[in-house]
>>> print(open('input.cif').read())   # mmCIF, C-alpha atoms
data_my_file
loop_
_atom_site.group_PDB
_atom_site.id
_atom_site.type_symbol
_atom_site.label_atom_id
_atom_site.label_comp_id
_atom_site.auth_asym_id
_atom_site.auth_seq_id
_atom_site.Cartn_x
_atom_site.Cartn_y
_atom_site.Cartn_z
ATOM 1 C CA MET A 1 -0.280 -54.124 -75.811
ATOM 2 C CA ASP A 2 -2.107 -52.912 -72.697
ATOM 3 C CA LYS A 3 0.168 -54.819 -70.394
ATOM 4 C CA TRP A 4 3.185 -53.029 -71.908
ATOM 5 C CA ARG A 5 1.687 -49.554 -71.438
ATOM 6 C CA LYS A 6 4.074 -47.079 -69.869
ATOM 7 C CA PRO A 7 3.393 -46.124 -66.220
ATOM 8 C CA GLU A 8 2.550 -42.506 -67.052
ATOM 9 C CA GLU A 9 0.086 -43.723 -69.645
ATOM 10 C CA SER A 10 -1.717 -45.737 -66.970
ATOM 11 C CA TYR A 11 -2.649 -42.463 -65.259
ATOM 12 C CA ASN A 12 -3.866 -40.702 -68.367
ATOM 13 C CA GLY A 13 -5.564 -43.348 -70.437
ATOM 14 C CA GLY A 14 -7.316 -46.645 -70.005
ATOM 15 C CA VAL A 15 -7.682 -46.581 -66.231
ATOM 16 C CA GLY A 16 -7.079 -42.784 -66.003
ATOM 17 C CA GLU A 17 -9.858 -42.223 -63.478
ATOM 18 C CA GLU A 18 -8.094 -44.452 -60.990
ATOM 19 C CA GLY A 19 -4.870 -42.527 -61.604
ATOM 20 C CA LYS A 20 -6.599 -39.252 -60.870
ATOM 21 C CA ALA A 21 -7.910 -40.690 -57.596
ATOM 22 C CA TRP A 22 -4.403 -41.662 -56.574
ATOM 23 C CA GLN A 23 -3.134 -38.176 -57.435
ATOM 24 C CA LEU A 24 -5.881 -36.597 -55.327
ATOM 25 C CA LEU A 25 -5.160 -38.936 -52.426
ATOM 26 C CA GLU A 26 -1.441 -38.147 -52.649
ATOM 27 C CA SER A 27 -2.181 -34.420 -52.718
ATOM 28 C CA LEU A 28 -4.448 -34.649 -49.698
ATOM 29 C CA THR A 29 -1.871 -36.711 -47.824
ATOM 30 C CA LEU A 30 0.923 -34.199 -48.526
ATOM 31 C CA HIS A 31 -1.338 -31.298 -47.514
ATOM 32 C CA SER A 32 -2.263 -33.097 -44.297
ATOM 33 C CA LEU A 33 1.400 -33.661 -43.471
ATOM 34 C CA LYS A 34 2.182 -29.988 -44.069
ATOM 35 C CA GLU A 35 -0.697 -28.948 -41.793
ATOM 36 C CA GLN A 36 0.513 -31.301 -39.081
ATOM 37 C CA LYS A 37 4.026 -29.863 -39.301
ATOM 38 C CA ARG A 38 2.662 -26.327 -39.175
ATOM 39 C CA ALA A 39 0.441 -27.163 -36.186
ATOM 40 C CA ARG A 40 3.398 -28.811 -34.436
ATOM 41 C CA ARG A 41 5.564 -25.726 -34.958
ATOM 42 C CA TRP A 42 2.832 -23.408 -33.614
ATOM 43 C CA GLY A 43 2.275 -25.754 -30.676
ATOM 44 C CA ILE A 44 5.961 -25.597 -29.770
ATOM 45 C CA PHE A 45 5.895 -21.799 -30.106
ATOM 46 C CA PHE A 46 2.900 -21.376 -27.801
ATOM 47 C CA LYS A 47 4.321 -23.802 -25.261
ATOM 48 C CA LEU A 48 7.569 -21.837 -25.162
ATOM 49 C CA LEU A 49 5.627 -18.603 -24.880
ATOM 50 C CA THR A 50 3.550 -20.029 -22.015
ATOM 51 C CA PHE A 51 6.629 -21.209 -20.122
ATOM 52 C CA THR A 52 8.325 -17.850 -20.685
ATOM 53 C CA LEU A 53 5.318 -15.992 -19.298
ATOM 54 C CA MET A 54 5.110 -18.369 -16.350
ATOM 55 C CA PHE A 55 8.777 -17.841 -15.493
ATOM 56 C CA ALA A 56 8.324 -14.071 -15.848
ATOM 57 C CA ILE A 57 5.310 -14.079 -13.527
ATOM 58 C CA VAL A 58 7.102 -16.249 -10.966
ATOM 59 C CA GLY A 59 10.091 -13.912 -11.132
ATOM 60 C CA LEU A 60 7.926 -10.848 -10.616
ATOM 61 C CA ILE A 61 6.122 -12.442 -7.674
ATOM 62 C CA TYR A 62 9.467 -13.430 -6.133
ATOM 63 C CA LEU A 63 10.857 -9.940 -6.508
ATOM 64 C CA SER A 64 7.669 -8.280 -5.294
ATOM 65 C CA SER A 65 7.578 -10.447 -2.177
ATOM 66 C CA LYS A 66 10.618 -8.606 -0.849
ATOM 67 C CA ASP A 67 10.926 -5.073 0.394
ATOM 68 C CA VAL A 68 13.885 -3.479 -1.352
ATOM 69 C CA LEU A 69 15.926 -1.977 1.432
ATOM 70 C CA PRO A 70 18.254 0.970 0.808
ATOM 71 C CA VAL A 71 21.441 0.818 -1.155
ATOM 72 C CA SER A 72 24.662 0.223 0.726
ATOM 73 C CA ALA A 73 25.516 3.137 2.956
ATOM 74 C CA PRO A 74 28.813 4.972 2.437
ATOM 75 C CA ALA A 75 31.761 3.970 4.547
ATOM 76 C CA GLY A 76 31.698 7.246 6.494
ATOM 77 C CA SER A 77 29.074 8.771 8.750
ATOM 78 C CA HIS A 78 25.706 9.830 7.354
ATOM 79 C CA THR A 79 22.252 11.006 8.322
ATOM 80 C CA ALA A 80 19.754 8.171 7.858
ATOM 81 C CA LEU A 81 16.400 9.058 6.280
ATOM 82 C CA VAL A 82 13.037 7.283 6.464
ATOM 83 C CA ASN A 83 10.058 8.749 4.613
ATOM 84 C CA LEU A 84 6.505 8.529 5.938
ATOM 85 C CA ARG A 85 4.253 9.584 3.063
ATOM 86 C CA GLY A 86 0.482 9.388 2.629
ATOM 87 C CA PRO A 87 -2.277 8.050 4.871
ATOM 88 C CA ILE A 88 -1.157 5.779 7.681
ATOM 89 C CA SER A 89 -2.851 2.425 7.137
ATOM 90 C CA ASP A 90 -1.964 -1.240 7.320
ATOM 91 C CA ASP A 91 -2.116 -1.724 3.533
ATOM 92 C CA GLY A 92 -0.304 1.401 2.350
ATOM 93 C CA ASP A 93 3.246 2.678 1.963
ATOM 94 C CA ALA A 94 2.960 4.338 5.387
ATOM 95 C CA SER A 95 2.013 1.155 7.244
ATOM 96 C CA ALA A 96 3.644 0.472 10.582
ATOM 97 C CA ASP A 97 5.471 -2.546 9.117
ATOM 98 C CA ASN A 98 7.111 -0.494 6.361
ATOM 99 C CA ILE A 99 8.106 2.424 8.576
ATOM 100 C CA VAL A 100 9.413 0.185 11.356
ATOM 101 C CA ILE A 101 11.527 -1.840 8.877
ATOM 102 C CA GLY A 102 13.130 1.374 7.665
ATOM 103 C CA LEU A 103 13.724 2.747 11.163
ATOM 104 C CA ARG A 104 15.329 -0.465 12.410
ATOM 105 C CA ALA A 105 17.669 -0.591 9.416
ATOM 106 C CA ALA A 106 18.555 3.079 9.859
ATOM 107 C CA PHE A 107 19.401 2.760 13.560
ATOM 108 C CA LYS A 108 21.288 -0.502 13.043
ATOM 109 C CA ASP A 109 23.606 0.854 10.344
ATOM 110 C CA LYS A 110 27.071 1.521 11.803
ATOM 111 C CA GLY A 111 27.506 4.767 9.883
ATOM 112 C CA THR A 112 24.291 6.382 11.101
ATOM 113 C CA LYS A 113 24.930 9.534 13.093
ATOM 114 C CA ALA A 114 21.249 10.496 13.399
ATOM 115 C CA VAL A 115 17.912 9.361 11.971
ATOM 116 C CA MET A 116 15.414 11.652 10.248
ATOM 117 C CA LEU A 117 11.783 10.676 9.870
ATOM 118 C CA ARG A 118 10.490 12.913 7.071
ATOM 119 C CA ILE A 119 6.703 13.173 7.332
ATOM 120 C CA ASN A 120 4.143 14.213 4.764
ATOM 121 C CA SER A 121 0.884 12.650 5.955
ATOM 122 C CA PRO A 122 -2.608 13.688 7.064
ATOM 123 C CA GLY A 123 -2.704 10.847 9.580
ATOM 124 C CA GLY A 124 -4.808 7.716 9.617
ATOM 125 C CA SER A 125 -5.110 4.588 11.734
ATOM 126 C CA PRO A 126 -4.574 5.140 15.486
ATOM 127 C CA VAL A 127 -3.351 1.553 15.800
ATOM 128 C CA GLN A 128 -0.709 1.864 13.055
ATOM 129 C CA SER A 129 0.362 5.258 14.417
ATOM 130 C CA GLY A 130 0.658 3.802 17.917
ATOM 131 C CA TYR A 131 2.826 0.936 16.649
ATOM 132 C CA ILE A 132 5.260 3.367 15.020
ATOM 133 C CA TYR A 133 5.305 5.632 18.092
ATOM 134 C CA ASP A 134 6.098 2.712 20.418
ATOM 135 C CA GLU A 135 8.846 1.432 18.111
ATOM 136 C CA ILE A 136 10.493 4.858 17.996
ATOM 137 C CA VAL A 137 10.489 4.972 21.791
ATOM 138 C CA ARG A 138 12.049 1.490 21.910
ATOM 139 C CA LEU A 139 14.733 2.276 19.327
ATOM 140 C CA ARG A 140 15.710 5.510 21.049
ATOM 141 C CA LYS A 141 16.318 3.532 24.256
ATOM 142 C CA LEU A 142 18.160 0.776 22.390
ATOM 143 C CA TYR A 143 20.415 3.300 20.602
ATOM 144 C CA PRO A 144 20.718 6.183 23.079
ATOM 145 C CA ASP A 145 23.581 7.824 21.165
ATOM 146 C CA ILE A 146 21.579 8.149 17.928
ATOM 147 C CA PRO A 147 18.973 10.940 17.995
ATOM 148 C CA LEU A 148 15.815 10.841 15.898
ATOM 149 C CA TYR A 149 14.423 14.001 14.339
ATOM 150 C CA ALA A 150 10.976 14.311 12.787
ATOM 151 C CA VAL A 151 10.783 16.692 9.825
ATOM 152 C CA ILE A 152 7.299 17.698 8.640
ATOM 153 C CA THR A 153 7.001 18.904 5.051
ATOM 154 C CA ASP A 154 3.515 19.793 3.741
ATOM 155 C CA ILE A 155 1.502 18.189 6.519
ATOM 156 C CA GLY A 156 2.074 16.249 9.701
ATOM 157 C CA ALA A 157 -1.349 16.001 11.276
ATOM 158 C CA SER A 158 -3.401 13.633 13.361
ATOM 159 C CA GLY A 159 -1.762 10.183 13.457
ATOM 160 C CA ALA A 160 1.278 11.587 11.664
ATOM 161 C CA TYR A 161 1.820 14.089 14.480
ATOM 162 C CA TYR A 162 1.231 11.256 16.949
ATOM 163 C CA VAL A 163 4.265 9.535 15.389
ATOM 164 C CA ALA A 164 6.330 12.740 15.312
ATOM 165 C CA ALA A 165 5.754 13.327 19.019
ATOM 166 C CA ALA A 166 8.023 10.359 19.811
ATOM 167 C CA ALA A 167 11.048 12.073 18.220
ATOM 168 C CA ASP A 168 13.820 13.894 20.071
ATOM 169 C CA ALA A 169 12.851 17.048 18.190
ATOM 170 C CA ILE A 170 10.382 18.104 15.498
ATOM 171 C CA TYR A 171 11.052 20.534 12.646
ATOM 172 C CA ALA A 172 8.677 21.917 10.021
ATOM 173 C CA ASP A 173 8.292 24.661 7.467
ATOM 174 C CA LYS A 174 6.593 27.862 8.577
ATOM 175 C CA ALA A 175 3.647 26.995 6.295
ATOM 176 C CA SER A 176 3.447 23.293 7.187
ATOM 177 C CA LEU A 177 0.172 22.011 8.629
ATOM 178 C CA VAL A 178 0.759 20.573 12.098
ATOM 179 C CA GLY A 179 -1.350 19.142 14.906
ATOM 180 C CA SER A 180 -4.984 18.085 14.565
ATOM 181 C CA ILE A 181 -4.830 16.138 17.825
ATOM 182 C CA GLY A 182 -8.217 14.454 17.860
ATOM 183 C CA VAL A 183 -10.233 11.408 16.777
ATOM 184 C CA VAL A 184 -13.043 11.181 14.236
ATOM 185 C CA SER A 185 -15.549 8.555 13.146
ATOM 186 C CA SER A 186 -18.124 9.582 10.553
ATOM 187 C CA GLY A 187 -20.842 8.203 8.328
ATOM 188 C CA PHE A 188 -24.239 8.948 6.779
ATOM 189 C CA GLY A 189 -27.874 8.329 7.650
ATOM 190 C CA TYR A 190 -30.401 7.361 4.975
ATOM 191 C CA VAL A 191 -33.451 6.642 7.148
ATOM 192 C CA ASP A 192 -35.605 9.598 6.012
ATOM 193 C CA ALA A 193 -34.688 9.042 2.367
ATOM 194 C CA MET A 194 -35.757 5.408 2.656
ATOM 195 C CA LYS A 195 -39.106 6.429 4.133
ATOM 196 C CA LYS A 196 -39.756 8.759 1.203
ATOM 197 C CA LEU A 197 -38.889 6.014 -1.253
ATOM 198 C CA GLY A 198 -40.918 3.395 0.596
ATOM 199 C CA ILE A 199 -37.923 1.162 1.253
ATOM 200 C CA THR A 200 -37.821 -1.129 4.299
ATOM 201 C CA ARG A 201 -34.542 -2.272 5.843
ATOM 202 C CA ARG A 202 -34.263 -5.856 7.154
ATOM 203 C CA THR A 203 -31.276 -6.480 9.446
ATOM 204 C CA TYR A 204 -30.755 -9.489 11.728
ATOM 205 C CA THR A 205 -28.181 -9.385 14.535
ATOM 206 C CA SER A 206 -27.325 -11.347 17.662
ATOM 207 C CA GLY A 207 -26.318 -8.277 19.669
ATOM 208 C CA GLU A 208 -28.488 -5.267 20.468
ATOM 209 C CA HIS A 209 -25.842 -2.767 19.316
ATOM 210 C CA LYS A 210 -24.219 -4.879 16.590
ATOM 211 C CA ALA A 211 -25.656 -2.785 13.754
ATOM 212 C CA PHE A 212 -25.382 0.629 15.395
ATOM 213 C CA MET A 213 -23.230 1.935 12.492
ATOM 214 C CA ASP A 214 -25.752 0.837 9.860
ATOM 215 C CA PRO A 215 -26.675 4.051 7.968
ATOM 216 C CA PHE A 216 -30.045 2.572 6.953
ATOM 217 C CA LEU A 217 -31.287 2.166 10.533
ATOM 218 C CA PRO A 218 -32.381 4.865 13.010
ATOM 219 C CA ARG A 219 -29.657 6.222 15.300
ATOM 220 C CA ASP A 220 -29.081 4.086 18.383
ATOM 221 C CA LYS A 221 -28.701 6.704 21.128
ATOM 222 C CA GLU A 222 -27.393 4.304 23.759
ATOM 223 C CA ALA A 223 -24.821 2.828 21.379
ATOM 224 C CA ALA A 224 -23.820 6.341 20.294
ATOM 225 C CA LYS A 225 -22.973 7.188 23.920
ATOM 226 C CA LEU A 226 -20.862 4.062 24.270
ATOM 227 C CA TRP A 227 -19.103 4.784 20.968
ATOM 228 C CA GLN A 228 -18.410 8.363 22.012
ATOM 229 C CA ALA A 229 -16.824 7.041 25.218
ATOM 230 C CA SER A 230 -14.526 4.854 23.107
ATOM 231 C CA LEU A 231 -13.513 7.862 20.997
ATOM 232 C CA GLU A 232 -12.774 9.867 24.139
ATOM 233 C CA THR A 233 -10.581 7.034 25.421
ATOM 234 C CA ILE A 234 -8.575 6.907 22.193
ATOM 235 C CA HIS A 235 -8.305 10.712 22.178
ATOM 236 C CA GLN A 236 -6.904 10.645 25.706
ATOM 237 C CA GLN A 237 -4.357 8.017 24.647
ATOM 238 C CA PHE A 238 -3.315 10.375 21.852
ATOM 239 C CA ILE A 239 -3.021 13.306 24.264
ATOM 240 C CA ASP A 240 -1.009 11.263 26.781
ATOM 241 C CA SER A 241 1.436 10.160 24.084
ATOM 242 C CA VAL A 242 1.934 13.733 22.849
ATOM 243 C CA LYS A 243 2.508 14.967 26.398
ATOM 244 C CA ALA A 244 4.965 12.138 27.062
ATOM 245 C CA GLY A 245 6.898 12.966 23.907
ATOM 246 C CA ARG A 246 6.844 16.752 24.098
ATOM 247 C CA GLY A 247 6.923 17.247 27.865
ATOM 248 C CA ASP A 248 7.440 20.800 29.122
ATOM 249 C CA ARG A 249 7.841 22.133 25.587
ATOM 250 C CA LEU A 250 4.050 22.221 25.183
ATOM 251 C CA LYS A 251 2.427 25.563 25.985
ATOM 252 C CA LYS A 252 -0.874 25.794 27.806
ATOM 253 C CA ASN A 253 -3.668 26.456 25.353
ATOM 254 C CA LYS A 254 -7.289 25.345 25.612
ATOM 255 C CA ASP A 255 -7.411 24.522 21.904
ATOM 256 C CA LEU A 256 -4.191 22.527 21.810
ATOM 257 C CA PHE A 257 -5.950 19.143 21.903
ATOM 258 C CA SER A 258 -9.193 20.223 20.251
ATOM 259 C CA GLY A 259 -8.364 18.731 16.862
ATOM 260 C CA MET A 260 -7.362 22.137 15.471
ATOM 261 C CA ILE A 261 -4.595 22.212 12.895
ATOM 262 C CA TRP A 262 -1.885 24.869 12.989
ATOM 263 C CA SER A 263 0.692 26.379 10.660
ATOM 264 C CA GLY A 264 4.336 25.580 11.347
ATOM 265 C CA GLU A 265 4.845 29.073 12.729
ATOM 266 C CA GLN A 266 1.897 28.743 15.097
ATOM 267 C CA ALA A 267 2.951 25.213 16.059
ATOM 268 C CA MET A 268 6.337 26.513 17.127
ATOM 269 C CA ASP A 269 4.723 29.105 19.423
ATOM 270 C CA LEU A 270 2.575 26.345 20.946
ATOM 271 C CA GLY A 271 5.525 24.036 21.529
ATOM 272 C CA LEU A 272 4.285 21.430 19.046
ATOM 273 C CA ILE A 273 7.561 21.698 17.106
ATOM 274 C CA ASP A 274 11.094 22.763 18.015
ATOM 275 C CA GLY A 275 12.157 24.783 14.988
ATOM 276 C CA LEU A 276 11.639 25.731 11.371
ATOM 277 C CA GLY A 277 13.665 23.951 8.729
ATOM 278 C CA SER A 278 13.830 21.279 6.029
ATOM 279 C CA ALA A 279 15.405 17.833 6.035
ATOM 280 C CA GLY A 280 18.532 19.259 4.417
ATOM 281 C CA PHE A 281 18.759 21.921 7.109
ATOM 282 C CA VAL A 282 18.418 19.353 9.889
ATOM 283 C CA ALA A 283 21.042 17.043 8.377
ATOM 284 C CA ARG A 284 23.505 19.852 7.693
ATOM 285 C CA ASP A 285 23.034 22.247 10.638
ATOM 286 C CA ILE A 286 21.503 20.157 13.425
ATOM 287 C CA VAL A 287 23.064 16.724 12.902
ATOM 288 C CA GLY A 288 26.228 18.078 11.322
ATOM 289 C CA GLN A 289 26.255 15.410 8.612
ATOM 290 C CA ALA A 290 24.977 16.565 5.226
ATOM 291 C CA ASP A 291 25.295 13.127 3.573
ATOM 292 C CA ILE A 292 21.810 11.575 3.628
ATOM 293 C CA VAL A 293 21.115 7.887 3.016
ATOM 294 C CA ASP A 294 17.528 6.812 2.358
ATOM 295 C CA PHE A 295 16.455 3.739 4.357
ATOM 296 C CA THR A 296 12.814 3.873 3.315
ATOM 297 C CA PRO A 297 11.573 0.398 2.246
ATOM 298 C CA LYS A 298 10.381 0.378 -1.350
ATOM 299 C CA ILE A 299 7.249 -1.476 -2.433
ATOM 300 C CA THR A 300 7.190 -2.842 -5.976
ATOM 301 C CA PRO A 301 4.242 -1.957 -8.257
ATOM 302 C CA LEU A 302 3.119 -5.606 -8.308
ATOM 303 C CA GLU A 303 3.044 -5.835 -4.516
ATOM 304 C CA ARG A 304 1.199 -2.512 -4.304
ATOM 305 C CA PHE A 305 -1.373 -3.806 -6.799
ATOM 306 C CA ALA A 306 -1.824 -6.985 -4.750
ATOM 307 C CA ARG A 307 -2.324 -5.009 -1.550
ATOM 308 C CA ASN A 308 -4.759 -2.592 -3.140
ATOM 309 C CA PHE A 309 -6.679 -5.414 -4.799
ATOM 310 C CA GLY A 310 -6.924 -7.301 -1.520
ATOM 311 C CA ALA A 311 -8.266 -4.261 0.331
ATOM 312 C CA SER A 312 -10.555 -2.951 -2.414
ATOM 313 C CA ALA A 313 -13.587 -5.100 -1.577
ATOM 314 C CA ALA A 314 -13.634 -4.014 2.065
ATOM 315 C CA HIS A 315 -13.057 -0.387 1.093
ATOM 316 C CA VAL A 316 -15.919 -0.397 -1.420
ATOM 317 C CA MET A 317 -18.247 -2.005 1.105
ATOM 318 C CA LEU A 318 -17.294 0.612 3.695
ATOM 319 C CA GLN A 319 -18.076 3.395 1.241
ATOM 320 C CA ILE A 320 -21.414 1.811 0.324
ATOM 321 C CA MET A 321 -22.345 1.541 3.991
ATOM 322 C CA GLY A 322 -21.497 5.208 4.461
ATOM 323 C CA GLY A 323 -18.663 4.811 6.954
ATOM 324 C CA SER A 324 -15.170 6.247 6.884
ATOM 325 C CA GLY A 325 -13.636 4.113 9.625
ATOM 326 C CA LEU A 326 -11.888 5.328 12.756
ATOM 327 C CA GLN A 327 -9.078 7.810 12.234
ATOM 328 C CA LEU A 328 -6.967 10.178 14.239
ATOM 329 C CA LYS A 329 -7.849 13.697 13.133
#
>>> encode(input="input.cif", output="structure tokens")
Amino acid sequence: MDKWRKPEESYNGGVGEEGKAWQLLESLTLHSLKEQKRARRWGIFFKLLTFTLMFAIVGLIYLSSKDVLPVSAPAGSHTALVNLRGPISDDGDASADNIVIGLRAAFKDKGTKAVMLRINSPGGSPVQSGYIYDEIVRLRKLYPDIPLYAVITDIGASGAYYVAAAADAIYADKASLVGSIGVVSSGFGYVDAMKKLGITRRTYTSGEHKAFMDPFLPRDKEAAKLWQASLETIHQQFIDSVKAGRGDRLKKNKDLFSGMIWSGEQAMDLGLIDGLGSAGFVARDIVGQADIVDFTPKITPLERFARNFGASAAHVMLQIMGGSGLQLK
């Protein structure tokens, strides 16, 4: 009789324990297959997500690697605008590279009747300022029929005024801050504080004046004299450039190149600017072309982040060492 037992009976009676084992094995196998399918689906999902993110990052890097130049200019004549905003430095929006790119595009455009450099900057690097100044001089010679006007809004001081001095004419508001023709280099000294705290500084150099800016060492009087001579040289370069740009329009005043900053109204009396007015006024009443086209290069947020991140370590170290760098002031 046992050999004629129905199949289902073989799982429940006689050899039922063996049947239960097979059922358990089958259940485990099916569960394992389901888990494998689920894992495969999630694996495909994450791979697609990874590739999508990679393509997005590559796209952002590609887009951020390009300066977005202005939109197409209108068919008719226009006044070309380039904005110089913020501190003048090699890693900022007001770097020489950015400003020069905008100026070249503005002068090159066939519809440009005049170029306006709208300035709102406290100054900054003498090197970057000098680059922009020299490029303005070159472009004015290359395009003699296109004038360049500098328009100062809130502030056009130090290196920013250095740049403005290369223009055919300078305009500002009566309350604008203008001038500050000077050079500054500053820092701190912690020698006495270290003595009180019992801290000893250990510095090793291969040049006798190599560490003269170290705020933790006593002041090097000989190096300070040499450094002061360098500042005087740079200041004289600044003065010579302003005189070359402004010419006979400058009035004689003993404080003109002292580093003092003036209001727009005072600056006009001193010959530092040519008139009072905004960018709209200059475009409409001086150039005679009220249509303004912006040629300022735009920096994407990703590129700005990369620049700031790249410069942050040096900036933090400079702050820790107590120095502010060399700036036109």
>>> residues_around(input="input.cif", residues="Leu276 of chain A", least_positions_apart="4", cutoff="12 Å", atoms="only C-alpha atoms", output="PyMOL selection string")
chain A and resi 150-153+169-176+263-269+271-272+280-282+285-286
>>> residues_near_point(input="input.cif", point="(-1.0, 11.3, 1.8)", cutoff="7 Å", atoms="only C-alpha atoms", output="PyMOL selection string")
chain A and resi 85-87+120-122
>>> closest_residue(input="input.cif", among="A:Gly43, A:Leu142, A:Ala165, A:Ser125", to="Ile88 of chain A", atoms="all atoms listed in the file")
A:Ser125
>>> residues_around(input="input.cif", residues="segment 180-185 of chain A", least_positions_apart="5", cutoff="12 Å", atoms="all atoms listed in the file", output="mmCIF file with C-alpha atoms, in the coordinates of the input")
data_model
loop_
_atom_site.group_PDB
_atom_site.id
_atom_site.type_symbol
_atom_site.label_atom_id
_atom_site.label_comp_id
_atom_site.auth_asym_id
_atom_site.auth_seq_id
_atom_site.Cartn_x
_atom_site.Cartn_y
_atom_site.Cartn_z
ATOM 1 C CA SER A 121 0.884 12.650 5.955
ATOM 2 C CA PRO A 122 -2.608 13.688 7.064
ATOM 3 C CA GLY A 123 -2.704 10.847 9.580
ATOM 4 C CA GLY A 124 -4.808 7.716 9.617
ATOM 5 C CA SER A 125 -5.110 4.588 11.734
ATOM 6 C CA PRO A 126 -4.574 5.140 15.486
ATOM 7 C CA ILE A 155 1.502 18.189 6.519
ATOM 8 C CA GLY A 156 2.074 16.249 9.701
ATOM 9 C CA ALA A 157 -1.349 16.001 11.276
ATOM 10 C CA SER A 158 -3.401 13.633 13.361
ATOM 11 C CA GLY A 159 -1.762 10.183 13.457
ATOM 12 C CA ALA A 160 1.278 11.587 11.664
ATOM 13 C CA TYR A 161 1.820 14.089 14.480
ATOM 14 C CA TYR A 162 1.231 11.256 16.949
ATOM 15 C CA VAL A 163 4.265 9.535 15.389
ATOM 16 C CA ALA A 164 6.330 12.740 15.312
ATOM 17 C CA ALA A 165 5.754 13.327 19.019
ATOM 18 C CA MET A 213 -23.230 1.935 12.492
ATOM 19 C CA ALA A 224 -23.820 6.341 20.294
ATOM 20 C CA TRP A 227 -19.103 4.784 20.968
ATOM 21 C CA GLN A 228 -18.410 8.363 22.012
ATOM 22 C CA ALA A 229 -16.824 7.041 25.218
ATOM 23 C CA SER A 230 -14.526 4.854 23.107
ATOM 24 C CA LEU A 231 -13.513 7.862 20.997
ATOM 25 C CA GLU A 232 -12.774 9.867 24.139
ATOM 26 C CA THR A 233 -10.581 7.034 25.421
ATOM 27 C CA ILE A 234 -8.575 6.907 22.193
ATOM 28 C CA HIS A 235 -8.305 10.712 22.178
ATOM 29 C CA GLN A 236 -6.904 10.645 25.706
ATOM 30 C CA GLN A 237 -4.357 8.017 24.647
ATOM 31 C CA PHE A 238 -3.315 10.375 21.852
ATOM 32 C CA ILE A 239 -3.021 13.306 24.264
ATOM 33 C CA ASP A 240 -1.009 11.263 26.781
ATOM 34 C CA SER A 241 1.436 10.160 24.084
ATOM 35 C CA VAL A 242 1.934 13.733 22.849
ATOM 36 C CA LYS A 243 2.508 14.967 26.398
ATOM 37 C CA ASP A 255 -7.411 24.522 21.904
ATOM 38 C CA LEU A 256 -4.191 22.527 21.810
ATOM 39 C CA PHE A 257 -5.950 19.143 21.903
ATOM 40 C CA SER A 258 -9.193 20.223 20.251
ATOM 41 C CA GLY A 259 -8.364 18.731 16.862
ATOM 42 C CA MET A 260 -7.362 22.137 15.471
ATOM 43 C CA ILE A 261 -4.595 22.212 12.895
ATOM 44 C CA TRP A 262 -1.885 24.869 12.989
ATOM 45 C CA SER A 263 0.692 26.379 10.660
ATOM 46 C CA ALA A 267 2.951 25.213 16.059
ATOM 47 C CA LEU A 272 4.285 21.430 19.046
ATOM 48 C CA GLY A 322 -21.497 5.208 4.461
ATOM 49 C CA GLY A 323 -18.663 4.811 6.954
ATOM 50 C CA SER A 324 -15.170 6.247 6.884
ATOM 51 C CA GLY A 325 -13.636 4.113 9.625
ATOM 52 C CA LEU A 326 -11.888 5.328 12.756
ATOM 53 C CA GLN A 327 -9.078 7.810 12.234
ATOM 54 C CA LEU A 328 -6.967 10.178 14.239
ATOM 55 C CA LYS A 329 -7.849 13.697 13.133
#
>>> residues_around(input="input.cif", residues="Ile101 of chain A", least_positions_apart="4", cutoff="10 Å", atoms="all atoms listed in the file", output="JSON list (two decimals) with C-alpha atoms, in the coordinates of the input")
[["chain", "number", "residue", "atom", "x", "y", "z"],
["A", 67, "ASP", "CA", 10.93, -5.07, 0.39],
["A", 69, "LEU", "CA", 15.93, -1.98, 1.43],
["A", 82, "VAL", "CA", 13.04, 7.28, 6.46],
["A", 96, "ALA", "CA", 3.64, 0.47, 10.58],
["A", 97, "ASP", "CA", 5.47, -2.55, 9.12],
["A", 105, "ALA", "CA", 17.67, -0.59, 9.42],
["A", 106, "ALA", "CA", 18.56, 3.08, 9.86],
["A", 295, "PHE", "CA", 16.45, 3.74, 4.36],
["A", 296, "THR", "CA", 12.81, 3.87, 3.32],
["A", 297, "PRO", "CA", 11.57, 0.40, 2.25]]
>>> atom_distance(input="input.cif", atom1="atom CA of Ser77 of chain A", atom2="atom CA of Ile146 of chain A")
11.9 Å
>>> atom_distance(input="input.cif", atom1="atom CA of Leu117 of chain A", atom2="atom CA of Leu84 of chain A")
6.9 Å
>>> residues_near_point(input="input.cif", point="(-33.0, 1.4, 1.6)", cutoff="12 Å", atoms="only C-alpha atoms", output="list in words")
Gly189, Tyr190, Val191, Asp192, Ala193, Met194, Lys195, Lys196, Leu197, Gly198, Ile199, Thr200, Arg201, Arg202, Thr203, Asp214, Pro215, Phe216, Leu217, Pro218, Ile320 and Met321 of chain A
